[in-house]
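> Take a look at the following structure, please.
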Amino acid sequence: MNKSMWLSLVLLGAMLSVAYVWFVSGTTAPELDSSERLPGGEGSVSIKPFASFMLPPTNMAEADRPNFHAGKALARQPWIKAPTITDARDGLGPIYNARTCLACHLNGGRGVVPEQPDRMLVSGIVRLSIPGKNEHGEALPEPVYGGQFQSQSVALLHQLRGSAGIETTHDPKIVRPEGYVYIRWHEQNYTYPDGKTLRLQYPEIQIRNLGYGELHENVMTSLRNAPPIHGMGLLQGIAQSDIDALADPDDADANGISGRVNIVWDFSSKRAVPGRFGWKANSANIRDQVAGAFRGDVGIVNSVFPEQPCTSAQPACVHSPHGTDENGLELADPLLKLAVDFTRSLAVPKRRKPEHELVMAGRENFYSVGCAECHQPSFTTMANADFPHLSEQKIWPYTDLLLHDMGQALADNRPDFDASGSEWRTPPLWGVGLSKAVNGNNQLLHDGRARNVEEAIIWHGGEAQASRDKFAALSQANRKALIAFVRSL
């Protein structure tokens, strides 16, 4: 075979491959909207050369940018043990998970769940609870360790020597960390109908060196990787009526999908409201989310969560010096507002190559297999005079912000307000293809088990089982196209 004939056959094969993708895909997707290039509306940004999700929206007024950057500095600020000569940054812990907000949300993106069994979990958390609910419908915390496991403490022995230092002392005045979390990974294979095999992994939580005795016999645990935080202000700007219109708790249309609203406690307004943030939509708004992270992750109390992260079973923690001011707070309201407004305004990245042939073919497949049934493509935000850059923006987050039963394979078996142990909020997809560039990893899903988009899709079960099976039945070329579309978002 001469060189020219060989090249002709290669080109023909490539053309047939693209044509096959288009033939199978059909025309189920709506016509491409020009606004899809800007998922975060007029404020969408390019992350190059920054490789960060911590950017202000392009449509933010110059007068608002100093406060944005002040909030960013506060999110990066490492907190220190009290007391110190300054009361602006002390009050760390006494038990905690991280010294800064962005120690978990790397560059504003995802955390890292360690792949090695001898590396401690540091940018994810473990939720704890026991069966039952409190008067607000919230899961009951584990009696000794509370609702979140904290693996760091301000004790000097812990700071210098970690678990080895703590285990050498029995001094009751020393604040011990609650213990140390490690992850053991298990593997299993999935075989596509065409015979291709995919190796999956799932985590097992291992808690070592418990500092305050055994866990409750009926304790429920859930590993949570830190999610990306860009676009939260736009998500909060979606009218609740638009979300409610997508809910179908009784599956009235008999399509196998029954999205539900999680009713949660709003700690700021002290009332029950629909939730929309967090892996199980267990948080009502950005203020609660940020204030809860300060208290639970860093040990910094504030007006929303004024109680230290210690339980009564941890007396050394309870009686340790705290960095509270005359109002009993370690984070004053003006500083909390800076952090909340910074988080609210984090910009969404622009699409990459949205009109590329492979991406367009994948877009057809995304709609045809039913991904858009839960990953609702677009909304228009409400008018917002206080934050004009978030006002009346057409956005493309690919989420309905509803709870869906994802099957037993993904279940943590831990209820959260009205969310069952197998229900999860549909996560937004915008920026998902930039995870590697921003965070150095592609760990997806609530516990970081999926190492890429393909694995995340294959883990879908429950209400998403039919769509997962349709994806699996596609040719390898069409699966590749769908993944390329998701990565372009």
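Here, A, B, ... name the chains of the structure tokens in the order displayed, residue numbers run from 1 inside each chain, and ligands are numbered from 1 in the same displayed order.
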I need the strand (DSSP E) residues of region 32-163 of chain A per DSSP on the backbone, written as a list of chain:residue names.
A:Ile95, A:Tyr96, A:Gly124, A:Ile125, A:Val126, A:Arg127, A:Leu128, A:Ser129, A:Ile130, A:Pro131, A:Gly132, A:Lys133, A:Ala139, A:Leu140, A:Gln152, A:Ser153
> Would you save the residues from that selection as a PDB file, in the first residue's frame, using N, CA and C atoms?

```
ATOM      1  N   ILE A  95     -10.467  22.505  68.555  1.00  0.00           N
ATOM      2  CA  ILE A  95     -10.349  21.397  67.611  1.00  0.00           C
ATOM      3  C   ILE A  95     -10.872  21.898  66.279  1.00  0.00           C
ATOM      4  N   TYR A  96     -10.304  21.407  65.201  1.00  0.00           N
ATOM      5  CA  TYR A  96     -10.640  21.963  63.895  1.00  0.00           C
ATOM      6  C   TYR A  96     -10.189  21.001  62.804  1.00  0.00           C
ATOM      7  N   GLY A 124     -10.913  17.117  53.300  1.00  0.00           N
ATOM      8  CA  GLY A 124     -12.280  16.634  53.307  1.00  0.00           C
ATOM      9  C   GLY A 124     -12.705  16.480  54.749  1.00  0.00           C
ATOM     10  N   ILE A 125     -13.949  16.134  54.981  1.00  0.00           N
ATOM     11  CA  ILE A 125     -14.438  15.962  56.350  1.00  0.00           C
ATOM     12  C   ILE A 125     -15.262  14.686  56.450  1.00  0.00           C
ATOM     13  N   VAL A 126     -15.534  14.291  57.673  1.00  0.00           N
ATOM     14  CA  VAL A 126     -16.436  13.178  57.949  1.00  0.00           C
ATOM     15  C   VAL A 126     -17.598  13.705  58.781  1.00  0.00           C
ATOM     16  N   ARG A 127     -18.813  13.582  58.255  1.00  0.00           N
ATOM     17  CA  ARG A 127     -20.018  13.933  59.001  1.00  0.00           C
ATOM     18  C   ARG A 127     -20.380  12.772  59.925  1.00  0.00           C
ATOM     19  N   LEU A 128     -20.916  13.122  61.108  1.00  0.00           N
ATOM     20  CA  LEU A 128     -21.315  12.125  62.096  1.00  0.00           C
ATOM     21  C   LEU A 128     -22.744  12.410  62.551  1.00  0.00           C
ATOM     22  N   SER A 129     -23.503  11.373  62.803  1.00  0.00           N
ATOM     23  CA  SER A 129     -24.816  11.539  63.433  1.00  0.00           C
ATOM     24  C   SER A 129     -25.286  10.192  63.947  1.00  0.00           C
ATOM     25  N   ILE A 130     -26.361  10.234  64.726  1.00  0.00           N
ATOM     26  CA  ILE A 130     -27.014   9.017  65.187  1.00  0.00           C
ATOM     27  C   ILE A 130     -28.480   9.101  64.746  1.00  0.00           C
ATOM     28  N   PRO A 131     -29.208   8.005  64.767  1.00  0.00           N
ATOM     29  CA  PRO A 131     -30.605   8.038  64.302  1.00  0.00           C
ATOM     30  C   PRO A 131     -31.446   9.055  65.074  1.00  0.00           C
ATOM     31  N   GLY A 132     -32.329   9.728  64.342  1.00  0.00           N
ATOM     32  CA  GLY A 132     -33.222  10.700  64.952  1.00  0.00           C
ATOM     33  C   GLY A 132     -32.978  12.103  64.445  1.00  0.00           C
ATOM     34  N   LYS A 133     -33.872  13.027  64.843  1.00  0.00           N
ATOM     35  CA  LYS A 133     -33.772  14.425  64.451  1.00  0.00           C
ATOM     36  C   LYS A 133     -34.013  15.313  65.668  1.00  0.00           C
ATOM     37  N   ALA A 139     -30.183  16.309  61.694  1.00  0.00           N
ATOM     38  CA  ALA A 139     -29.677  15.035  62.189  1.00  0.00           C
ATOM     39  C   ALA A 139     -29.070  15.202  63.574  1.00  0.00           C
ATOM     40  N   LEU A 140     -29.271  14.224  64.442  1.00  0.00           N
ATOM     41  CA  LEU A 140     -28.723  14.287  65.798  1.00  0.00           C
ATOM     42  C   LEU A 140     -27.219  14.055  65.757  1.00  0.00           C
ATOM     43  N   GLN A 152      -7.723  17.896  63.988  1.00  0.00           N
ATOM     44  CA  GLN A 152      -6.619  18.770  64.372  1.00  0.00           C
ATOM     45  C   GLN A 152      -6.946  19.403  65.723  1.00  0.00           C
ATOM     46  N   SER A 153      -5.912  19.816  66.451  1.00  0.00           N
ATOM     47  CA  SER A 153      -6.130  20.547  67.705  1.00  0.00           C
ATOM     48  C   SER A 153      -5.007  21.553  67.910  1.00  0.00           C
TER      49      SER A 153
END
```
> So that I can see what lies close to Ile457 (chain A), please list as a PDB file with C-alpha atoms, in the first residue's frame the residues with an atom at most 12 Å from it, counting only C-alpha atoms and leaving out residues fewer than 2 positions away in the same chain.

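Result saved to selection-v2.pdb:
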```
ATOM      1  CA  TYR A 190     -17.633  -2.454  35.460  1.00  0.00           C
ATOM      2  CA  LEU A 198     -13.677   0.166  33.617  1.00  0.00           C
ATOM      3  CA  LEU A 200     -13.883   1.755  39.709  1.00  0.00           C
ATOM      4  CA  PHE A 366     -26.136  14.405  26.768  1.00  0.00           C
ATOM      5  CA  VAL A 369     -29.621   9.738  27.148  1.00  0.00           C
ATOM      6  CA  GLY A 370     -31.509  11.940  29.627  1.00  0.00           C
ATOM      7  CA  CYS A 371     -28.709  13.675  31.568  1.00  0.00           C
ATOM      8  CA  MET A 406     -28.917   7.807  43.423  1.00  0.00           C
ATOM      9  CA  LEU A 410     -23.640   5.859  46.213  1.00  0.00           C
ATOM     10  CA  LEU A 444     -15.736  13.848  41.588  1.00  0.00           C
ATOM     11  CA  LEU A 445     -18.855  12.877  43.567  1.00  0.00           C
ATOM     12  CA  ARG A 449     -14.383   8.225  44.433  1.00  0.00           C
ATOM     13  CA  ALA A 450     -14.726   9.082  40.731  1.00  0.00           C
ATOM     14  CA  ARG A 451     -11.380   9.940  39.141  1.00  0.00           C
ATOM     15  CA  ASN A 452     -12.935  11.386  36.001  1.00  0.00           C
ATOM     16  CA  VAL A 453     -16.277  12.178  34.347  1.00  0.00           C
ATOM     17  CA  GLU A 454     -16.687   8.675  32.934  1.00  0.00           C
ATOM     18  CA  GLU A 455     -16.403   7.017  36.351  1.00  0.00           C
ATOM     19  CA  TRP A 459     -21.581   5.320  39.506  1.00  0.00           C
ATOM     20  CA  HIS A 460     -25.046   6.790  38.847  1.00  0.00           C
ATOM     21  CA  GLY A 461     -27.896   4.547  39.990  1.00  0.00           C
ATOM     22  CA  ALA A 464     -30.284   7.988  37.136  1.00  0.00           C
ATOM     23  CA  GLN A 465     -29.978   4.279  36.342  1.00  0.00           C
ATOM     24  CA  ALA A 466     -31.854   4.478  33.037  1.00  0.00           C
ATOM     25  CA  SER A 467     -29.699   7.358  31.794  1.00  0.00           C
ATOM     26  CA  ARG A 468     -26.534   5.586  32.975  1.00  0.00           C
ATOM     27  CA  ASP A 469     -27.567   2.468  31.044  1.00  0.00           C
ATOM     28  CA  LYS A 470     -28.253   4.503  27.902  1.00  0.00           C
ATOM     29  CA  PHE A 471     -24.809   6.057  28.210  1.00  0.00           C
ATOM     30  CA  ALA A 472     -23.249   2.622  28.647  1.00  0.00           C
ATOM     31  CA  ARG A 479     -19.391   7.998  25.058  1.00  0.00           C
ATOM     32  CA  LEU A 482     -20.583  13.013  25.723  1.00  0.00           C
ATOM     33  CA  ILE A 483     -17.646  13.167  28.138  1.00  0.00           C
ATOM     34  CA  VAL A 486     -19.319  17.667  30.001  1.00  0.00           C
TER      35      VAL A 486
END
```
> If DSSP is run on the backbone, what residues of region 154-370 of chain A are helix (DSSP H, G or I)? A reply as an MDAnalysis selection string would be ideal.
chainID A and resid 156:167 232:236 240:244 286:298 315:318 333:345 357:368
> Please provide the set of residues having any atom within 10 Å of region 236-252 of chain A, restricted to only C-alpha atoms, with same-chain residues fewer than 6 positions apart removed, written as an MDAnalysis selection string.
chainID A and resid 258:261 274:277 284:286 344 373:374 376 379:384 387 390:393 395 399:404
> If we count only C-alpha atoms, what is near Ile263 (chain A) at a cut-off of 9 Å, once residues fewer than 6 positions away on the same chain are taken out, given as a ChimeraX atom specification?
/A:137,272-275,281-282,284,417-419
> Just the residues within 9 Å of region 28-33 of chain A, please, counting only C-alpha atoms, with nothing from its chain fewer than 2 positions along; format it as a PDB file with N, CA and C atoms, in the first residue's frame.

```pdb
ATOM      1  N   SER A  25     -26.436  10.118  17.443  1.00  0.00           N
ATOM      2  CA  SER A  25     -26.903  11.142  18.368  1.00  0.00           C
ATOM      3  C   SER A  25     -28.297  11.645  18.051  1.00  0.00           C
ATOM      4  N   GLY A  26     -28.620  11.785  16.794  1.00  0.00           N
ATOM      5  CA  GLY A  26     -29.926  12.321  16.440  1.00  0.00           C
ATOM      6  C   GLY A  26     -29.985  13.818  16.683  1.00  0.00           C
ATOM      7  N   SER A  35     -25.714  32.104  24.433  1.00  0.00           N
ATOM      8  CA  SER A  35     -25.366  32.373  25.828  1.00  0.00           C
ATOM      9  C   SER A  35     -24.702  31.180  26.512  1.00  0.00           C
ATOM     10  N   GLU A  36     -24.734  29.994  25.891  1.00  0.00           N
ATOM     11  CA  GLU A  36     -24.092  28.821  26.488  1.00  0.00           C
ATOM     12  C   GLU A  36     -22.586  29.006  26.602  1.00  0.00           C
ATOM     13  N   ARG A  37     -22.018  29.885  25.801  1.00  0.00           N
ATOM     14  CA  ARG A  37     -20.580  30.132  25.875  1.00  0.00           C
ATOM     15  C   ARG A  37     -20.200  30.794  27.198  1.00  0.00           C
ATOM     16  N   GLU A 355     -18.249  24.832  20.362  1.00  0.00           N
ATOM     17  CA  GLU A 355     -18.751  24.486  19.034  1.00  0.00           C
ATOM     18  C   GLU A 355     -17.853  23.490  18.312  1.00  0.00           C
ATOM     19  N   MET A 360     -20.090  19.211  20.227  1.00  0.00           N
ATOM     20  CA  MET A 360     -21.462  19.337  19.748  1.00  0.00           C
ATOM     21  C   MET A 360     -22.133  17.974  19.647  1.00  0.00           C
ATOM     22  N   ARG A 363     -23.001  16.964  23.082  1.00  0.00           N
ATOM     23  CA  ARG A 363     -24.178  17.706  23.553  1.00  0.00           C
ATOM     24  C   ARG A 363     -25.455  16.990  23.135  1.00  0.00           C
ATOM     25  N   GLU A 364     -25.505  16.523  21.912  1.00  0.00           N
ATOM     26  CA  GLU A 364     -26.666  15.748  21.457  1.00  0.00           C
ATOM     27  C   GLU A 364     -26.864  14.514  22.328  1.00  0.00           C
ATOM     28  N   ASN A 365     -25.773  13.807  22.611  1.00  0.00           N
ATOM     29  CA  ASN A 365     -25.871  12.591  23.415  1.00  0.00           C
ATOM     30  C   ASN A 365     -26.278  12.883  24.854  1.00  0.00           C
ATOM     31  N   PHE A 366     -25.788  13.995  25.403  1.00  0.00           N
ATOM     32  CA  PHE A 366     -26.136  14.405  26.768  1.00  0.00           C
ATOM     33  C   PHE A 366     -27.659  14.517  26.908  1.00  0.00           C
ATOM     34  N   TYR A 367     -28.291  15.131  25.941  1.00  0.00           N
ATOM     35  CA  TYR A 367     -29.746  15.262  25.969  1.00  0.00           C
ATOM     36  C   TYR A 367     -30.433  13.934  25.649  1.00  0.00           C
ATOM     37  N   SER A 368     -29.906  13.190  24.690  1.00  0.00           N
ATOM     38  CA  SER A 368     -30.611  11.990  24.228  1.00  0.00           C
ATOM     39  C   SER A 368     -30.649  10.889  25.280  1.00  0.00           C
TER      40      SER A 368
END
```
> Which residues, written as number ranges by chain, have at least one atom at most 10 Å from Ser420 (chain A), with only C-alpha atoms counted and residues fewer than 2 positions away on the same chain left out?
A: 262, 280, 403-405, 411-418, 422-424
> Please dump the current selection as a PDB file, in the first residue's frame; keep N, CA, C and O atoms.

```
ATOM      1  N   ASN A 262     -35.291  19.653  49.640  1.00  0.00           N
ATOM      2  CA  ASN A 262     -34.963  19.356  51.029  1.00  0.00           C
ATOM      3  C   ASN A 262     -35.375  20.558  51.882  1.00  0.00           C
ATOM      4  O   ASN A 262     -34.964  21.689  51.604  1.00  0.00           O
ATOM      5  N   LYS A 280     -26.132  17.421  50.130  1.00  0.00           N
ATOM      6  CA  LYS A 280     -27.508  16.962  50.280  1.00  0.00           C
ATOM      7  C   LYS A 280     -28.491  18.141  50.375  1.00  0.00           C
ATOM      8  O   LYS A 280     -29.576  17.991  50.928  1.00  0.00           O
ATOM      9  N   LEU A 403     -33.031  17.068  45.329  1.00  0.00           N
ATOM     10  CA  LEU A 403     -32.560  15.767  45.798  1.00  0.00           C
ATOM     11  C   LEU A 403     -33.039  14.665  44.859  1.00  0.00           C
ATOM     12  O   LEU A 403     -34.193  14.668  44.418  1.00  0.00           O
ATOM     13  N   HIS A 404     -32.139  13.722  44.585  1.00  0.00           N
ATOM     14  CA  HIS A 404     -32.501  12.551  43.799  1.00  0.00           C
ATOM     15  C   HIS A 404     -31.915  11.309  44.462  1.00  0.00           C
ATOM     16  O   HIS A 404     -30.787  11.338  44.971  1.00  0.00           O
ATOM     17  N   ASP A 405     -32.676  10.238  44.445  1.00  0.00           N
ATOM     18  CA  ASP A 405     -32.190   8.956  44.957  1.00  0.00           C
ATOM     19  C   ASP A 405     -31.214   8.390  43.931  1.00  0.00           C
ATOM     20  O   ASP A 405     -31.587   8.097  42.801  1.00  0.00           O
ATOM     21  N   ALA A 411     -24.999   5.451  48.193  1.00  0.00           N
ATOM     22  CA  ALA A 411     -25.632   5.827  49.457  1.00  0.00           C
ATOM     23  C   ALA A 411     -24.615   5.905  50.591  1.00  0.00           C
ATOM     24  O   ALA A 411     -23.707   5.069  50.685  1.00  0.00           O
ATOM     25  N   ASP A 412     -24.755   6.922  51.441  1.00  0.00           N
ATOM     26  CA  ASP A 412     -23.981   6.956  52.680  1.00  0.00           C
ATOM     27  C   ASP A 412     -24.825   6.489  53.859  1.00  0.00           C
ATOM     28  O   ASP A 412     -24.327   6.369  54.976  1.00  0.00           O
ATOM     29  N   ASN A 413     -26.127   6.247  53.594  1.00  0.00           N
ATOM     30  CA  ASN A 413     -27.070   5.750  54.602  1.00  0.00           C
ATOM     31  C   ASN A 413     -27.167   6.674  55.811  1.00  0.00           C
ATOM     32  O   ASN A 413     -27.472   6.235  56.923  1.00  0.00           O
ATOM     33  N   ARG A 414     -26.962   7.967  55.573  1.00  0.00           N
ATOM     34  CA  ARG A 414     -27.036   8.961  56.640  1.00  0.00           C
ATOM     35  C   ARG A 414     -28.031  10.042  56.241  1.00  0.00           C
ATOM     36  O   ARG A 414     -27.739  10.869  55.385  1.00  0.00           O
ATOM     37  N   PRO A 415     -29.227  10.068  56.830  1.00  0.00           N
ATOM     38  CA  PRO A 415     -30.207  11.116  56.507  1.00  0.00           C
ATOM     39  C   PRO A 415     -29.706  12.496  56.916  1.00  0.00           C
ATOM     40  O   PRO A 415     -28.899  12.636  57.837  1.00  0.00           O
ATOM     41  N   ASP A 416     -30.202  13.517  56.228  1.00  0.00           N
ATOM     42  CA  ASP A 416     -29.813  14.894  56.521  1.00  0.00           C
ATOM     43  C   ASP A 416     -31.023  15.783  56.267  1.00  0.00           C
ATOM     44  O   ASP A 416     -31.392  16.008  55.124  1.00  0.00           O
ATOM     45  N   PHE A 417     -31.683  16.261  57.358  1.00  0.00           N
ATOM     46  CA  PHE A 417     -32.988  16.909  57.253  1.00  0.00           C
ATOM     47  C   PHE A 417     -33.920  15.942  56.506  1.00  0.00           C
ATOM     48  O   PHE A 417     -34.056  14.805  56.925  1.00  0.00           O
ATOM     49  N   ASP A 418     -34.539  16.354  55.401  1.00  0.00           N
ATOM     50  CA  ASP A 418     -35.472  15.468  54.698  1.00  0.00           C
ATOM     51  C   ASP A 418     -34.778  14.541  53.707  1.00  0.00           C
ATOM     52  O   ASP A 418     -35.427  13.668  53.113  1.00  0.00           O
ATOM     53  N   SER A 422     -29.781   7.810  50.683  1.00  0.00           N
ATOM     54  CA  SER A 422     -29.373   7.553  49.294  1.00  0.00           C
ATOM     55  C   SER A 422     -29.667   8.724  48.366  1.00  0.00           C
ATOM     56  O   SER A 422     -29.491   8.618  47.156  1.00  0.00           O
ATOM     57  N   GLU A 423     -30.113   9.849  48.942  1.00  0.00           N
ATOM     58  CA  GLU A 423     -30.431  11.014  48.128  1.00  0.00           C
ATOM     59  C   GLU A 423     -29.289  12.031  48.156  1.00  0.00           C
ATOM     60  O   GLU A 423     -28.685  12.270  49.204  1.00  0.00           O
ATOM     61  N   TRP A 424     -29.057  12.638  47.005  1.00  0.00           N
ATOM     62  CA  TRP A 424     -28.033  13.661  46.858  1.00  0.00           C
ATOM     63  C   TRP A 424     -28.564  14.784  45.981  1.00  0.00           C
ATOM     64  O   TRP A 424     -29.365  14.558  45.075  1.00  0.00           O
TER      65      TRP A 424
END
```
> Show me, as a ChimeraX atom specification, the residues that have an atom within 9 Å of region 204-206 of chain A when counting only C-alpha atoms, minus same-chain residues fewer than 6 positions from it.
/A:126,180-186,221-223
> Could you build a table of the residues in region 96-159 of chain A lying no more than 10 Å from region 207-211 of chain A, giving for each the nearest pair of atoms and their separation in Å rounded to one decimal place, using only C-alpha atoms, ordered by chain and ascending residue number, as JSON lines?

```
{"residue": "A:Met120", "atom": "CA", "partner": "A:Ile207", "partner_atom": "CA", "distance": 9.8}
{"residue": "A:Val126", "atom": "CA", "partner": "A:Ile207", "partner_atom": "CA", "distance": 9.7}
{"residue": "A:Tyr145", "atom": "CA", "partner": "A:Gly211", "partner_atom": "CA", "distance": 9.3}
{"residue": "A:Phe149", "atom": "CA", "partner": "A:Ile207", "partner_atom": "CA", "distance": 9.5}
{"residue": "A:Ser151", "atom": "CA", "partner": "A:Gly211", "partner_atom": "CA", "distance": 9.5}
```
> Since we have the selection now, will you write its residues out, keeping N, CA and C atoms, as a PDB file, in the first residue's frame?

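Result file again.pdb:
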```pdb
ATOM      1  N   MET A 120      -3.233  11.032  55.894  1.00  0.00           N
ATOM      2  CA  MET A 120      -4.414  11.460  56.630  1.00  0.00           C
ATOM      3  C   MET A 120      -5.288  12.373  55.775  1.00  0.00           C
ATOM      4  N   VAL A 126     -15.534  14.291  57.673  1.00  0.00           N
ATOM      5  CA  VAL A 126     -16.436  13.178  57.949  1.00  0.00           C
ATOM      6  C   VAL A 126     -17.598  13.705  58.781  1.00  0.00           C
ATOM      7  N   TYR A 145     -18.591  13.205  69.872  1.00  0.00           N
ATOM      8  CA  TYR A 145     -17.769  13.840  68.835  1.00  0.00           C
ATOM      9  C   TYR A 145     -18.524  14.884  68.012  1.00  0.00           C
ATOM     10  N   PHE A 149     -16.335  15.397  62.476  1.00  0.00           N
ATOM     11  CA  PHE A 149     -15.119  14.886  63.108  1.00  0.00           C
ATOM     12  C   PHE A 149     -13.969  15.855  62.847  1.00  0.00           C
ATOM     13  N   SER A 151      -9.959  16.532  63.176  1.00  0.00           N
ATOM     14  CA  SER A 151      -8.723  15.758  63.329  1.00  0.00           C
ATOM     15  C   SER A 151      -7.501  16.620  63.628  1.00  0.00           C
TER      16      SER A 151
END
```
